[in-house]
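Structure data (CSV, C-alpha atoms) from run_4.csv:
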chain,number,residue,atom,x,y,z
A,1,MET,CA,22.0,31.0,-13.3
A,2,LYS,CA,18.5,32.0,-12.1
A,3,PHE,CA,19.4,31.4,-8.4
A,4,LYS,CA,22.6,33.5,-8.8
A,5,ASN,CA,20.5,36.4,-10.1
A,6,ILE,CA,18.2,36.0,-7.2
A,7,ILE,CA,21.1,36.2,-4.8
A,8,LEU,CA,22.5,39.3,-6.5
A,9,ILE,CA,19.1,41.1,-6.3
A,10,LEU,CA,18.6,40.2,-2.7
A,11,LEU,CA,22.1,41.3,-1.8
A,12,PHE,CA,21.4,44.6,-3.5
A,13,ILE,CA,18.2,45.0,-1.5
A,14,PHE,CA,19.8,44.2,1.8
A,15,SER,CA,22.6,46.6,1.1
A,16,LEU,CA,20.1,49.4,0.6
A,17,SER,CA,18.2,48.6,3.7
A,18,SER,CA,21.2,47.9,5.9
A,19,CYS,CA,22.2,50.5,8.4
A,20,GLY,CA,25.8,49.3,8.4
A,21,LYS,CA,25.6,47.1,11.5
A,22,GLU,CA,24.7,43.8,9.7
A,23,ASP,CA,27.6,41.3,9.0
A,24,PRO,CA,27.7,40.9,5.2
A,25,ASN,CA,28.9,37.4,5.6
A,26,PHE,CA,25.9,36.5,7.7
A,27,ILE,CA,23.5,38.0,5.1
A,28,ILE,CA,25.1,36.0,2.3
A,29,HIS,CA,25.0,32.8,4.5
A,30,ASP,CA,21.3,33.4,5.3
A,31,ILE,CA,20.3,34.0,1.7
A,32,THR,CA,22.3,31.0,0.5
A,33,ASN,CA,20.5,28.8,3.0
A,34,LYS,CA,17.1,30.0,1.9
A,35,VAL,CA,18.0,29.4,-1.8
A,36,THR,CA,19.3,26.0,-1.0
A,37,LYS,CA,16.0,25.1,0.7
A,38,ILE,CA,14.1,26.3,-2.5
A,39,GLU,CA,16.4,24.1,-4.6
A,40,GLU,CA,15.7,21.1,-2.3
A,41,GLU,CA,12.0,21.6,-2.5
A,42,VAL,CA,12.2,21.7,-6.3
A,43,GLU,CA,14.2,18.5,-6.3
A,44,VAL,CA,11.6,16.7,-4.1
A,45,SER,CA,8.9,18.0,-6.4
A,46,GLN,CA,10.7,16.8,-9.5
A,47,ILE,CA,11.1,13.3,-7.9
A,48,THR,CA,7.4,13.2,-7.0
A,49,SER,CA,6.5,14.2,-10.5
A,50,SER,CA,8.8,11.6,-12.0
A,51,ILE,CA,7.2,8.8,-9.8
A,52,THR,CA,3.7,10.0,-10.9
A,53,GLU,CA,4.8,9.9,-14.6
A,54,VAL,CA,6.3,6.5,-14.3
A,55,TYR,CA,3.3,5.1,-12.6
A,56,ASN,CA,0.8,6.6,-15.1
A,57,LYS,CA,2.8,4.9,-17.9
A,58,VAL,CA,4.0,1.5,-16.7
A,59,SER,CA,0.9,0.7,-14.5
A,60,LYS,CA,-1.1,0.3,-17.8
A,61,GLY,CA,1.1,-2.8,-18.3
A,62,CYS,CA,0.6,-4.2,-14.8
A,63,ILE,CA,-2.3,-6.5,-14.1
A,64,GLY,CA,-4.0,-8.4,-11.3
A,65,ILE,CA,-4.2,-12.2,-11.5
A,66,TYR,CA,-7.2,-14.3,-10.3
A,67,CYS,CA,-6.7,-18.0,-9.9
A,68,LYS,CA,-9.1,-20.7,-8.9
A,69,ASN,CA,-8.2,-24.3,-7.9
A,70,GLU,CA,-10.4,-27.2,-6.9
A,71,THR,CA,-11.5,-25.8,-3.5
A,72,THR,CA,-10.5,-22.1,-3.2
A,73,TYR,CA,-9.0,-19.1,-5.0
A,74,SER,CA,-6.0,-16.8,-4.8
A,75,THR,CA,-4.8,-13.6,-6.3
A,76,GLY,CA,-1.6,-12.1,-7.3
A,77,SER,CA,0.0,-9.6,-9.7
A,78,GLY,CA,1.7,-9.7,-13.2
A,79,VAL,CA,3.5,-7.6,-15.8
A,80,VAL,CA,2.7,-7.5,-19.5
A,81,PHE,CA,5.9,-7.9,-21.5
A,82,LYS,CA,4.9,-8.9,-25.0
A,83,GLU,CA,2.2,-8.7,-27.7
A,84,ASP,CA,2.1,-11.0,-30.7
A,85,ASN,CA,-0.8,-10.9,-33.2
A,86,GLY,CA,-3.3,-9.7,-30.7
A,87,LEU,CA,-2.2,-12.1,-28.0
A,88,TYR,CA,-0.7,-10.5,-24.8
A,89,TYR,CA,1.8,-12.2,-22.6
A,90,ALA,CA,2.4,-11.5,-18.9
A,91,VAL,CA,4.9,-12.8,-16.4
A,92,THR,CA,4.1,-13.6,-12.8
A,93,ASN,CA,5.3,-15.9,-10.0
A,94,GLU,CA,4.8,-19.7,-10.4
A,95,HIS,CA,3.4,-19.9,-6.8
A,96,VAL,CA,0.6,-17.5,-7.9
A,97,VAL,CA,-0.8,-19.8,-10.6
A,98,ASP,CA,0.4,-23.2,-9.2
A,99,GLU,CA,-2.4,-25.8,-9.2
A,100,ALA,CA,-4.8,-23.3,-10.7
A,101,VAL,CA,-7.6,-24.8,-12.9
A,102,LEU,CA,-8.8,-21.3,-13.9
A,103,VAL,CA,-6.8,-18.2,-14.5
A,104,LYS,CA,-8.0,-14.7,-15.3
A,105,ALA,CA,-6.1,-11.4,-15.9
A,106,TYR,CA,-7.8,-8.6,-13.9
A,107,PHE,CA,-8.0,-5.0,-15.0
A,108,ASP,CA,-9.5,-2.0,-13.4
A,109,ASN,CA,-13.3,-1.5,-13.2
A,110,GLY,CA,-14.0,-5.1,-12.5
A,111,ILE,CA,-12.8,-6.5,-15.9
A,112,TYR,CA,-11.7,-10.1,-15.8
A,113,VAL,CA,-10.1,-11.6,-19.0
A,114,ASP,CA,-9.7,-15.4,-19.5
A,115,ALA,CA,-6.0,-16.3,-19.5
A,116,THR,CA,-4.0,-19.4,-20.4
A,117,ILE,CA,-0.9,-20.7,-18.6
A,118,ILE,CA,1.9,-21.1,-21.2
A,119,GLY,CA,4.4,-22.7,-18.7
A,120,LYS,CA,5.9,-22.6,-15.3
A,121,ASP,CA,9.4,-22.6,-13.9
A,122,SER,CA,9.1,-23.6,-10.2
A,123,LYS,CA,12.8,-23.4,-9.5
A,124,ASN,CA,12.9,-19.7,-10.4
A,125,ASP,CA,9.3,-19.1,-9.3
A,126,ILE,CA,8.3,-17.7,-12.8
A,127,ALA,CA,5.2,-18.4,-14.9
A,128,VAL,CA,4.0,-17.0,-18.2
A,129,ILE,CA,0.3,-16.5,-19.1
A,130,SER,CA,-1.4,-15.2,-22.2
A,131,PHE,CA,-4.7,-13.5,-23.0
A,132,SER,CA,-6.6,-11.7,-25.7
A,133,LEU,CA,-8.2,-8.2,-25.4
A,134,ASP,CA,-10.3,-8.5,-28.6
A,135,SER,CA,-13.4,-8.1,-26.5
A,136,PHE,CA,-12.1,-5.0,-24.8
A,137,PRO,CA,-11.0,-2.5,-27.4
A,138,SER,CA,-10.5,0.3,-24.9
A,139,LEU,CA,-8.0,-1.8,-23.0
A,140,LYS,CA,-6.3,-2.8,-26.2
A,141,GLU,CA,-5.7,0.9,-27.0
A,142,SER,CA,-4.3,1.8,-23.6
A,143,ILE,CA,-2.3,-1.3,-22.6
A,144,TYR,CA,1.5,-0.7,-22.1
A,145,ILE,CA,4.1,-3.3,-23.0
A,146,ASN,CA,6.9,-3.3,-20.4
A,147,GLN,CA,10.3,-4.2,-21.8
A,148,ILE,CA,12.5,-6.8,-20.1
A,149,ASN,CA,16.1,-5.6,-20.4
A,150,SER,CA,18.4,-7.6,-18.2
A,151,ASN,CA,21.3,-5.2,-18.9
A,152,ILE,CA,20.0,-2.4,-16.6
A,153,LEU,CA,22.5,-1.6,-14.0
A,154,LEU,CA,21.3,-1.6,-10.4
A,155,SER,CA,22.8,0.0,-7.3
A,156,ILE,CA,22.2,-0.1,-3.6
A,157,GLY,CA,20.2,3.0,-2.5
A,158,GLN,CA,18.5,3.3,-5.9
A,159,THR,CA,14.7,4.1,-5.8
A,160,ALA,CA,12.6,1.0,-6.2
A,161,LEU,CA,8.9,1.3,-7.1
A,162,ALA,CA,6.6,-1.7,-6.7
A,163,ILE,CA,3.2,-2.0,-8.5
A,164,GLY,CA,0.9,-4.8,-7.6
A,165,CYS,CA,-2.4,-5.9,-6.0
A,166,PRO,CA,-1.8,-6.6,-2.3
A,167,LEU,CA,-4.6,-8.3,-0.4
A,168,ASP,CA,-7.3,-7.7,-2.9
A,169,LEU,CA,-7.7,-7.1,-6.6
A,170,VAL,CA,-10.6,-4.7,-6.6
A,171,GLU,CA,-9.8,-2.3,-3.7
A,172,HIS,CA,-6.0,-2.5,-4.1
A,173,TYR,CA,-5.6,-2.8,-7.8
A,174,ASN,CA,-2.1,-1.6,-9.0
A,175,ASN,CA,-1.2,-0.1,-5.6
A,176,LEU,CA,2.1,1.8,-5.7
A,177,THR,CA,4.7,1.7,-3.0
A,178,SER,CA,8.2,3.1,-3.0
A,179,GLY,CA,11.5,2.5,-1.3
A,180,ILE,CA,15.1,1.7,-2.1
A,181,ILE,CA,17.2,-1.3,-3.1
A,182,SER,CA,18.8,-2.5,0.1
A,183,ASN,CA,21.1,-5.2,-1.3
A,184,ILE,CA,21.8,-7.1,-4.5
A,185,SER,CA,22.9,-10.7,-5.1
A,186,SER,CA,22.8,-13.0,-8.1
A,187,LEU,CA,19.4,-14.5,-6.9
A,188,ASN,CA,17.8,-11.6,-5.1
A,189,ILE,CA,17.1,-7.9,-5.2
A,190,SER,CA,16.5,-6.9,-1.6
A,191,ILE,CA,14.2,-3.9,-1.1
A,192,ASP,CA,12.7,-1.9,1.8
A,193,THR,CA,9.7,-1.1,-0.5
A,194,PRO,CA,6.6,-2.3,1.3
A,195,VAL,CA,5.0,-5.3,-0.3
A,196,ASN,CA,2.4,-7.8,1.0
A,197,SER,CA,0.5,-10.9,0.0
A,198,GLY,CA,-0.9,-10.3,-3.5
A,199,ASN,CA,2.2,-8.3,-4.6
A,200,SER,CA,3.7,-11.6,-5.8
A,201,GLY,CA,4.5,-11.4,-9.5
A,202,GLY,CA,4.2,-7.6,-9.6
A,203,GLY,CA,6.8,-5.4,-11.2
A,204,LEU,CA,9.6,-3.5,-9.5
A,205,PHE,CA,10.6,-0.3,-11.4
A,206,ASN,CA,13.2,2.4,-11.3
A,207,LEU,CA,12.6,6.2,-11.7
A,208,LYS,CA,13.0,5.9,-15.5
A,209,GLY,CA,10.1,3.5,-15.7
A,210,GLU,CA,12.3,0.5,-16.5
A,211,LEU,CA,11.3,-2.9,-15.1
A,212,ILE,CA,14.2,-4.0,-12.8
A,213,GLY,CA,12.8,-7.1,-11.1
A,214,LEU,CA,9.8,-9.2,-10.2
A,215,VAL,CA,8.5,-9.1,-6.6
A,216,TYR,CA,8.1,-12.5,-5.2
A,217,LYS,CA,8.3,-12.6,-1.4
A,218,LYS,CA,8.8,-10.7,1.9
A,219,ASP,CA,10.3,-11.6,5.3
A,220,THR,CA,7.9,-11.4,8.2
A,221,TYR,CA,10.1,-13.1,10.8
A,222,SER,CA,13.8,-13.9,11.0
A,223,THR,CA,15.0,-17.4,10.5
A,224,GLY,CA,16.4,-19.6,13.3
A,225,THR,CA,15.0,-20.9,16.5
A,226,THR,CA,14.4,-17.4,17.9
A,227,GLN,CA,12.0,-15.7,15.4
A,228,VAL,CA,12.2,-11.9,15.5
A,229,PRO,CA,9.6,-9.8,13.6
A,230,VAL,CA,11.1,-7.9,10.7
A,231,ASP,CA,9.9,-4.9,8.7
A,232,CYS,CA,10.3,-3.8,5.1
A,233,MET,CA,12.4,-6.8,3.9
A,234,GLY,CA,11.0,-7.6,0.5
A,235,TYR,CA,12.6,-9.4,-2.4
A,236,ALA,CA,12.5,-9.3,-6.2
A,237,ILE,CA,13.8,-11.7,-8.8
A,238,PRO,CA,16.6,-10.2,-11.0
A,239,LEU,CA,15.7,-9.7,-14.7
A,240,GLU,CA,18.4,-12.0,-15.9
A,241,ILE,CA,16.7,-14.9,-14.3
A,242,VAL,CA,13.2,-13.6,-15.3
A,243,ASN,CA,14.3,-13.2,-18.9
A,244,LYS,CA,15.9,-16.7,-19.1
A,245,ALA,CA,12.8,-18.3,-17.6
A,246,ILE,CA,10.5,-16.5,-20.0
A,247,ASN,CA,12.6,-17.4,-23.0
A,248,ASP,CA,12.7,-21.1,-22.0
A,249,ILE,CA,9.0,-21.3,-21.4
A,250,LEU,CA,8.1,-19.5,-24.7
A,251,THR,CA,10.6,-21.7,-26.6
A,252,LEU,CA,9.6,-25.0,-25.1
A,253,LYS,CA,5.9,-24.1,-24.4
A,254,ARG,CA,5.8,-26.2,-21.3
A,255,ASP,CA,6.8,-26.3,-17.7
A,256,ILE,CA,10.6,-26.1,-17.1
A,257,THR,CA,12.6,-28.4,-14.9
A,258,ARG,CA,16.0,-27.2,-13.8
A,259,PRO,CA,18.9,-29.6,-13.1
A,260,LEU,CA,19.9,-30.7,-9.6
A,261,ILE,CA,23.4,-32.0,-8.6
A,262,GLY,CA,22.2,-33.9,-5.6
A,263,ILE,CA,24.4,-32.4,-2.9
A,264,SER,CA,23.9,-30.7,0.5
A,265,VAL,CA,26.2,-27.9,1.1
A,266,THR,CA,26.9,-25.2,3.7
A,267,THR,CA,29.4,-22.5,4.3
A,268,VAL,CA,32.5,-22.9,6.5
A,269,ASN,CA,31.3,-19.7,8.3
A,270,THR,CA,28.1,-21.6,9.2
A,271,LEU,CA,30.1,-24.6,10.5
A,272,LEU,CA,32.1,-22.2,12.8
A,273,GLN,CA,28.8,-21.6,14.6
A,274,ASN,CA,28.1,-25.2,15.6
A,275,THR,CA,29.8,-28.4,16.6
A,276,ASN,CA,30.1,-29.7,13.0
A,277,TYR,CA,33.1,-27.4,12.5
A,278,GLU,CA,35.5,-29.7,14.2
A,279,LYS,CA,34.2,-32.6,12.1
A,280,TYR,CA,34.8,-30.8,8.8
A,281,SER,CA,37.7,-28.4,9.5
A,282,GLN,CA,40.2,-31.2,8.8
A,283,TYR,CA,39.1,-31.2,5.2
A,284,LEU,CA,39.7,-27.5,4.5
A,285,PRO,CA,42.6,-26.2,2.4
A,286,THR,CA,45.3,-24.6,4.5
A,287,ILE,CA,45.1,-21.2,2.8
A,288,GLU,CA,44.0,-17.8,4.0
A,289,ASN,CA,40.4,-17.3,2.8
A,290,LYS,CA,39.2,-20.8,3.8
A,291,TYR,CA,36.3,-19.5,5.7
A,292,ASN,CA,34.6,-18.4,2.5
A,293,TYR,CA,34.5,-22.0,1.2
A,294,ILE,CA,31.4,-24.0,0.4
A,295,ILE,CA,31.7,-27.6,1.8
A,296,ILE,CA,29.6,-30.6,0.7
A,297,THR,CA,27.9,-32.1,3.7
A,298,GLY,CA,25.9,-34.8,2.0
A,299,VAL,CA,25.5,-36.6,-1.4
A,300,THR,CA,22.1,-38.0,-2.5
A,301,GLU,CA,22.2,-41.6,-3.4
A,302,ASP,CA,22.0,-42.3,-7.2
A,303,SER,CA,22.1,-38.6,-8.0
A,304,VAL,CA,24.4,-36.9,-10.6
A,305,ALA,CA,26.8,-36.1,-7.8
A,306,ASP,CA,26.8,-39.7,-6.5
A,307,THR,CA,27.3,-41.0,-10.1
A,308,ILE,CA,30.4,-38.9,-10.8
A,309,GLY,CA,32.0,-39.4,-7.4
A,310,LEU,CA,31.5,-36.3,-5.4
A,311,LYS,CA,31.9,-36.9,-1.7
A,312,PRO,CA,31.0,-35.2,1.6
A,313,SER,CA,33.9,-33.0,2.8
A,314,ASP,CA,34.7,-32.0,-0.8
A,315,ILE,CA,35.2,-28.2,-1.1
A,316,VAL,CA,33.3,-26.6,-4.1
A,317,LEU,CA,35.7,-24.1,-5.8
A,318,GLU,CA,34.0,-23.5,-9.2
A,319,ILE,CA,30.9,-24.3,-11.2
A,320,GLY,CA,30.9,-23.7,-14.9
A,321,GLY,CA,34.3,-22.1,-14.6
A,322,ASN,CA,33.0,-19.5,-12.3
A,323,PRO,CA,34.3,-19.1,-8.7
A,324,VAL,CA,31.9,-20.3,-6.0
A,325,ASN,CA,32.1,-17.9,-3.0
A,326,ASN,CA,28.6,-18.4,-1.5
A,327,LEU,CA,25.6,-20.7,-1.7
A,328,ASP,CA,23.8,-18.5,-4.3
A,329,ASP,CA,26.7,-19.0,-6.8
A,330,ILE,CA,25.7,-22.7,-7.2
A,331,SER,CA,21.9,-22.1,-7.4
A,332,TYR,CA,22.4,-19.2,-9.8
A,333,LYS,CA,24.3,-21.3,-12.3
A,334,LEU,CA,21.9,-24.3,-12.1
A,335,ASN,CA,18.8,-22.1,-12.2
A,336,LEU,CA,19.8,-20.8,-15.6
A,337,MET,CA,20.3,-24.3,-17.1
A,338,LEU,CA,18.1,-26.8,-18.7
A,339,LEU,CA,18.3,-30.6,-18.2
A,340,SER,CA,19.8,-30.9,-21.6
A,341,ASP,CA,22.7,-28.6,-20.7
A,342,SER,CA,25.9,-29.7,-19.1
A,343,THR,CA,28.6,-27.9,-17.0
A,344,THR,CA,31.6,-28.6,-14.9
A,345,ILE,CA,32.2,-28.5,-11.1
A,346,LYS,CA,35.7,-28.1,-9.6
A,347,ILE,CA,36.4,-29.3,-6.1
A,348,TYR,CA,39.2,-29.6,-3.7
A,349,ARG,CA,39.7,-32.9,-1.9
A,350,LYS,CA,41.9,-33.0,1.1
A,351,SER,CA,42.7,-36.7,0.9
A,352,ILE,CA,44.6,-36.1,-2.3
A,353,ASP,CA,45.5,-32.5,-1.5
A,354,ASN,CA,44.5,-31.5,-5.0
A,355,THR,CA,41.6,-30.3,-7.1
A,356,ILE,CA,39.4,-32.3,-9.4
A,357,THR,CA,37.1,-31.1,-12.2
A,358,PHE,CA,34.0,-33.2,-12.9
A,359,LEU,CA,31.6,-33.0,-15.9
A,360,LEU,CA,28.0,-32.6,-14.9
A,361,LYS,CA,25.6,-34.1,-17.4
A,362,PHE,CA,21.9,-34.2,-16.3
A,363,ILE,CA,20.5,-36.4,-19.1
Is it possible to give me this structure as structure tokens?
Amino acid sequence: MKFKNIILILLFIFSLSSCGKEDPNFIIHDITNKVTKIEEEVEVSQITSSITEVYNKVSKGCIGIYCKNETTYSTGSGVVFKEDNGLYYAVTNEHVVDEAVLVKAYFDNGIYVDATIIGKDSKNDIAVISFSLDSFPSLKESIYINQINSNILLSIGQTALAIGCPLDLVEHYNNLTSGIISNISSLNISIDTPVNSGNSGGGLFNLKGELIGLVYKKDTYSTGTTQVPVDCMGYAIPLEIVNKAINDILTLKRDITRPLIGISVTTVNTLLQNTNYEKYSQYLPTIENKYNYIIITGVTEDSVADTIGLKPSDIVLEIGGNPVNNLDDISYKLNLMLLSDSTTIKIYRKSIDNTITFLLKFI
């Protein structure tokens, strides 16, 4: 409404000053463009303000992590997600605290707080630590608890803010970088948000200040024989996996081991790119979307797969009743399971031209 009033006033002024030679349509077009620019500047300002507000709030629940092992030390980042009777819990990456004999939570102004590793989940690269702030009342008053809600919807193109301690705890404590979500899969949130060594275990947030993932790695070079440098290809662990790992660790209060089937698999699309395709193509079902299939290329001796009778050349169709369309579908299902759990795997076997469903029991 305000901008419409501005346009009317400006039109009135221009009509008074015009000598009758100006094209009214041109005047309206010019004024509209100027107002649009004002609106765009306001939107950019609002976004900047929103990012600042988010950072000022959630960064109070982001910490640095100092780890010392037998011979050296390393640093990383973490996110505080729970407080219970004065004990605070933070999540980080397993590779940050792996093999550490001493762990400290780091806060601004050179404050190191003794921390305890509650448990680790190496398969999902998640670890939980705890610490007390009884000796630091000012921190206790200001610390923020980030909620872990795995039901938050994500979309490609959404703003993604990373808070962490790249390279150094003191000089780069809780650095903020921004970008967008580039891709989403069951195991990864791909981001173009700049992250570096030390960001591992740090939080990824949206513009509402909601935690949406846990930063854990970046690509520096492409895979394959010809390694090409890459820029701004970082990855975060989705909250469903983070939440499951945290709950298992806090429930069992120990390190978590995830089940393994004991198979090597690849995609038919991958086989198309090498000489193995001719070897395995004879085993594929003769239906249209066969190139999306996952094919077993090897079975580990005495593994669960070997015990139940899975064979190389079997086509994996489902796991746990869910369709398997890519390699992540298998890892995703297993990475949310405990050794005490069981599930099913459905395969197609060319030799009998039929499907078989096997029960997978890991203990």
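The spacing separating atom CA of Ile126 of chain A from atom CA of Leu359 of chain A amounts to 28.0 Å.
In terms of minimum interatomic distance to Tyr144 of chain A, A:Ser59 ranks closest within A:Ser59, A:Ser200, A:Thr72, A:Ser351, counting all atoms listed in the file.
Atom CA of Ile145 of chain A to atom CA of Thr177 of chain A spans 20.6 Å [interatomic distance, one decimal].
In this structure, atom CA of Arg258 of chain A sits 18.7 Å away from atom CA of Asn322 of chain A.
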Selected residue, from A:Thr266, A:Asn69, A:Ser130, A:Ser138, that lies nearest to Asn85 of chain A when counting all atoms listed in the file
A:Ser130
For a cut-off of 9 Å around (10.5, -1.9, 1.9), file coordinates, pick out all residues using all atoms listed in the file and list them as a list of chain:residue names.
A:Ala160, A:Thr177, A:Ser178, A:Gly179, A:Ile180, A:Ile181, A:Ser182, A:Ser190, A:Ile191, A:Asp192, A:Thr193, A:Pro194, A:Val195, A:Lys218, A:Asp231, A:Cys232, A:Met233, A:Gly234, A:Tyr235
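Residue neighbourhood of Tyr88 of chain A, excluding near-sequence residues (fewer than 2 positions): Lys82, Glu83, Ser130 and Phe131 of chain A, at 6 Å, using only C-alpha atoms.
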So that I can see what lies close to Leu250 of chain A, please list as a ChimeraX atom specification the residues with an atom at most 8 Å from it, counting all atoms listed in the file and leaving out residues fewer than 4 positions away in the same chain.
/A:118-119,246,254
Is it possible to get the residues within 9 Å of (19.1, 0.6, -17.2) (coordinates as in the file, counting only C-alpha atoms) written as JSON, numbers by chain?
{"A": [149, 150, 151, 152, 153, 154, 206, 208, 210, 211, 212]}
Let's have the selection written as a CSV table (one decimal), keeping the file's coordinate frame, with C-alpha atoms.
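Below is the file selection_29.csv, written as the result:
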chain,number,residue,atom,x,y,z
A,149,ASN,CA,16.1,-5.6,-20.4
A,150,SER,CA,18.4,-7.6,-18.2
A,151,ASN,CA,21.3,-5.2,-18.9
A,152,ILE,CA,20.0,-2.4,-16.6
A,153,LEU,CA,22.5,-1.6,-14.0
A,154,LEU,CA,21.3,-1.6,-10.4
A,206,ASN,CA,13.2,2.4,-11.3
A,208,LYS,CA,13.0,5.9,-15.5
A,210,GLU,CA,12.3,0.5,-16.5
A,211,LEU,CA,11.3,-2.9,-15.1
A,212,ILE,CA,14.2,-4.0,-12.8
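Using only C-alpha atoms for every distance, the candidate list A:Gln147, A:Ser135, A:Ser197, A:Asn174 yields A:Asn174 as the residue closest to Tyr55 of chain A.
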Would you pick out the contacts of segment 102-111 of chain A at 8 Å or less, using all atoms listed in the file, so that residues sharing its chain but fewer than 6 positions from it are not included, and give the list as an NGL selection string?
:A and (63-69 or 117 or 131 or 169-170 or 173)
Let me see the file: selected residues, C-alpha atoms, as a PDB file, in the coordinates of the input.
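result.pdb was written with the following content:
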ATOM      1  CA  ILE A  63      -2.300  -6.500 -14.100  1.00  0.00           C
ATOM      2  CA  GLY A  64      -4.000  -8.400 -11.300  1.00  0.00           C
ATOM      3  CA  ILE A  65      -4.200 -12.200 -11.500  1.00  0.00           C
ATOM      4  CA  TYR A  66      -7.200 -14.300 -10.300  1.00  0.00           C
ATOM      5  CA  CYS A  67      -6.700 -18.000  -9.900  1.00  0.00           C
ATOM      6  CA  LYS A  68      -9.100 -20.700  -8.900  1.00  0.00           C
ATOM      7  CA  ASN A  69      -8.200 -24.300  -7.900  1.00  0.00           C
ATOM      8  CA  ILE A 117      -0.900 -20.700 -18.600  1.00  0.00           C
ATOM      9  CA  PHE A 131      -4.700 -13.500 -23.000  1.00  0.00           C
ATOM     10  CA  LEU A 169      -7.700  -7.100  -6.600  1.00  0.00           C
ATOM     11  CA  VAL A 170     -10.600  -4.700  -6.600  1.00  0.00           C
ATOM     12  CA  TYR A 173      -5.600  -2.800  -7.800  1.00  0.00           C
TER      13      TYR A 173
END
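If only C-alpha atoms are the atoms counted, then among A:Asn247, A:Ser303, A:Leu207, A:Leu310 the closest residue to Glu53 of chain A is A:Leu207.
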Closest of A:Gly198, A:Gly298, A:Gly213, A:Pro229 to Leu167 of chain A, counting only C-alpha atoms, is A:Gly198
Please, what is the axis-aligned box for every listed atom of segment 323-333 of chain A with 3 Å on each side, as centre and edge lengths in Å to one decimal, as JSON?
{"center_x": 28.1, "center_y": -20.3, "center_z": -6.9, "size_x": 18.4, "size_y": 10.8, "size_z": 16.8}
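Distances from A:Ala305, A:Val79, A:Val58, A:Leu260 to Thr92 of chain A were compared using all atoms listed in the file, and the smallest one belongs to A:Val79.
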